[in-house]
Structure formats: C-alpha cells, structure tokens
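A.B. asks: This is the structure I have questions about; it appears just below.
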Amino acid sequence: MQEKDITNAILKHLKSVPHCFCFKEHGGMYCTAGIPDIICCINGRFVAFEVKQPSGKLTKLQKITMRRIQSAKGKAYKVTSVKDVISILDDLKESPYE
C-alpha cells in the first residue's frame, strides 16, 4: 500500500471520530518543512501524524519537528496504518491532559 493510500484511509477514519478536526498538510514552498502529514485537534488536543509505509523512516527534520511539537505539549506520532491511529486514540482517551 502506498503512503498516499494509508494517509487517505487514516483521514477517512479520523473524519468519523467525534470531536475531531483534521486535515492533510500538503507541503510545498510556502509551508514549514518537516510538518507531519496529518494535523488534528481531537477533544481539544493537538495531535499530528507522520504517515510512513511500514519500512519507512523519519527524516532528521521530521524527528526534530515532532520533538518540538511534543515539547510544546502537543502529541506527534509516526504511524503506518489506521490500526496504529486507533490504538493511539484509545491511549489518548485513557491518559490525562498534561
């Protein structure tokens, strides 16, 4: 499955999640490099997903950007499937806000 197909499947799922606003970051010359593929606000939490194929690796810039999101008390994850996202959302329901 291509990264684009995984991203579309994740977006489809997220659009069915209550209290979730999400969009695909398309990148380009006017966007900040390293921003994760999918940006969400879920129940008042900032959550970002970098979508990769199962064998895909984060670039150095993606790792730095994800750390910056996390240091700002947002959540940022590398995901490879809708199953990964579902698991993360389940964990977020259980964990308190920081």
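Letters A, B, ... go to the chains of the structure tokens in the order shown; residues in each chain start at 1; ligands are counted from 1 in the same order.
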Tell me, as number ranges by chain, which residues lie within 10 Å of Lys4 (chain A), counting only C-alpha atoms; anything in the same chain fewer than 6 positions away does not count.

C.D. replies: A: 10, 37, 51-53

A.B. asks: Please produce an output containing C-alpha atoms for each residue in the selection, written as a short mmCIF file (atom, residue, chain, number, x, y, z; two decimals), in the first residue's frame.

C.D. replies:
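Written out: out01.cif:
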data_model
loop_
_atom_site.label_atom_id
_atom_site.label_comp_id
_atom_site.auth_asym_id
_atom_site.auth_seq_id
_atom_site.Cartn_x
_atom_site.Cartn_y
_atom_site.Cartn_z
CA ILE A 10 -6.40 7.42 8.13
CA ASP A 37 1.26 14.73 7.14
CA VAL A 51 2.45 8.68 7.81
CA LYS A 52 5.01 6.17 6.58
CA GLN A 53 4.97 2.78 4.92
#

A.B. asks: Could you tell me, as a PyMOL selection string, which residues of region 1-90 of chain A DSSP assigns to strand (DSSP E or B) when given the backbone?

C.D. replies: chain A and resi 20-24+38-42+45-51+75-79

A.B. asks: Which of region 33-86 of chain A counts as helix (DSSP H, G or I) under DSSP, as a list in words please?

C.D. replies: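 Helix (DSSP H, G or I) assignments inside region 33-86 of chain A correspond to Lys60, Leu61, Gln62, Lys63, Ile64, Thr65, Met66, Arg67, Arg68, Ile69, Gln70, Ser71, Val82, Lys83, Asp84, Val85 and Ile86 of chain A.
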
A.B. asks: Once you count only C-alpha atoms, what closest atom pair and distance in Å to one decimal does each residue of region 1-37 of chain A within 10 Å of region 80-97 of chain A have, with rows by chain and rising residue number, as JSON lines?

C.D. replies:
{"residue": "A:Met1", "atom": "CA", "partner": "A:Ser81", "partner_atom": "CA", "distance": 9.8}
{"residue": "A:Glu3", "atom": "CA", "partner": "A:Thr80", "partner_atom": "CA", "distance": 8.2}
{"residue": "A:Asp5", "atom": "CA", "partner": "A:Ser81", "partner_atom": "CA", "distance": 9.7}
{"residue": "A:Ile6", "atom": "CA", "partner": "A:Ser81", "partner_atom": "CA", "distance": 6.0}
{"residue": "A:Thr7", "atom": "CA", "partner": "A:Ser81", "partner_atom": "CA", "distance": 8.1}
{"residue": "A:Asn8", "atom": "CA", "partner": "A:Val82", "partner_atom": "CA", "distance": 9.6}
{"residue": "A:Ala9", "atom": "CA", "partner": "A:Val82", "partner_atom": "CA", "distance": 6.6}
{"residue": "A:Ile10", "atom": "CA", "partner": "A:Val82", "partner_atom": "CA", "distance": 5.1}
{"residue": "A:Leu11", "atom": "CA", "partner": "A:Val82", "partner_atom": "CA", "distance": 8.8}
{"residue": "A:Lys12", "atom": "CA", "partner": "A:Val82", "partner_atom": "CA", "distance": 9.3}
{"residue": "A:His13", "atom": "CA", "partner": "A:Val82", "partner_atom": "CA", "distance": 7.2}
{"residue": "A:Leu14", "atom": "CA", "partner": "A:Val85", "partner_atom": "CA", "distance": 8.6}
{"residue": "A:Val17", "atom": "CA", "partner": "A:Leu89", "partner_atom": "CA", "distance": 9.5}

A.B. asks: Here is a test: counting only C-alpha atoms, which residue of A:Ala72, A:Gln2, A:Gln62, A:Gly27 is nearest to Arg45 (chain A)?

C.D. replies: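 Under the stated criterion, the closest residue is A:Ala72.
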
A.B. asks: Restricting the calculation to only C-alpha atoms: of A:Leu58, A:Cys20, A:Ile35, A:Ala48, which residue gets closest to Lys73 (chain A)?

C.D. replies: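 Ranked by minimum distance to Lys73 (chain A), first place goes to A:Ala48.
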
A.B. asks: At what distance in Å, to one decimal, does CA of Val79 (chain A) lie from CA of Phe23 (chain A)?

C.D. replies: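 Straight-line distance from CA of Phe23 (chain A) to CA of Val79 (chain A) works out to 15.5 Å.
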
A.B. asks: Between CA of Lys24 (chain A) and CA of Ile39 (chain A), measure the distance and give it in Å to one decimal.

C.D. replies: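 Taking CA of Lys24 (chain A) as the start and CA of Ile39 (chain A) as the end point, the length is 6.5 Å.
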
A.B. asks: For Val47 (chain A), work out the shell of residues within 6 Å, counting only C-alpha atoms and skipping chain neighbours fewer than 3 positions away, then give it as a ChimeraX atom specification.

C.D. replies: /A:40,75-76

A.B. asks: Those residues with N, CA, C and O atoms, as a tab-separated table (two decimals), in the first residue's frame please?

C.D. replies:
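What ended up in selection18.tsv:
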chain	number	residue	atom	x	y	z
A	40	CYS	N	-4.35	17.37	13.50
A	40	CYS	CA	-5.67	17.18	14.11
A	40	CYS	C	-5.82	17.99	15.40
A	40	CYS	O	-4.84	18.23	16.10
A	75	LYS	N	0.91	16.31	20.74
A	75	LYS	CA	1.20	14.90	20.52
A	75	LYS	C	1.59	14.72	19.06
A	75	LYS	O	0.94	15.26	18.17
A	76	ALA	N	2.64	13.97	18.79
A	76	ALA	CA	3.09	13.71	17.43
A	76	ALA	C	3.56	12.25	17.33
A	76	ALA	O	4.30	11.78	18.21

A.B. asks: Please provide as a list in words all residues within 10 Å of His19 (chain A), with the sequence filter that same-chain residues fewer than 6 positions apart are discarded (counting only C-alpha atoms).

C.D. replies: Cys41, Ile42, Asn43 and Gly44 of chain A

A.B. asks: Kindly indicate which residue among A:Gly74, A:Pro18, A:Gly34, A:Gly28 lies nearest to Phe46 (chain A), using only C-alpha atoms for the distances.

C.D. replies: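 Of all the options, A:Gly74 lies closest to Phe46 (chain A).
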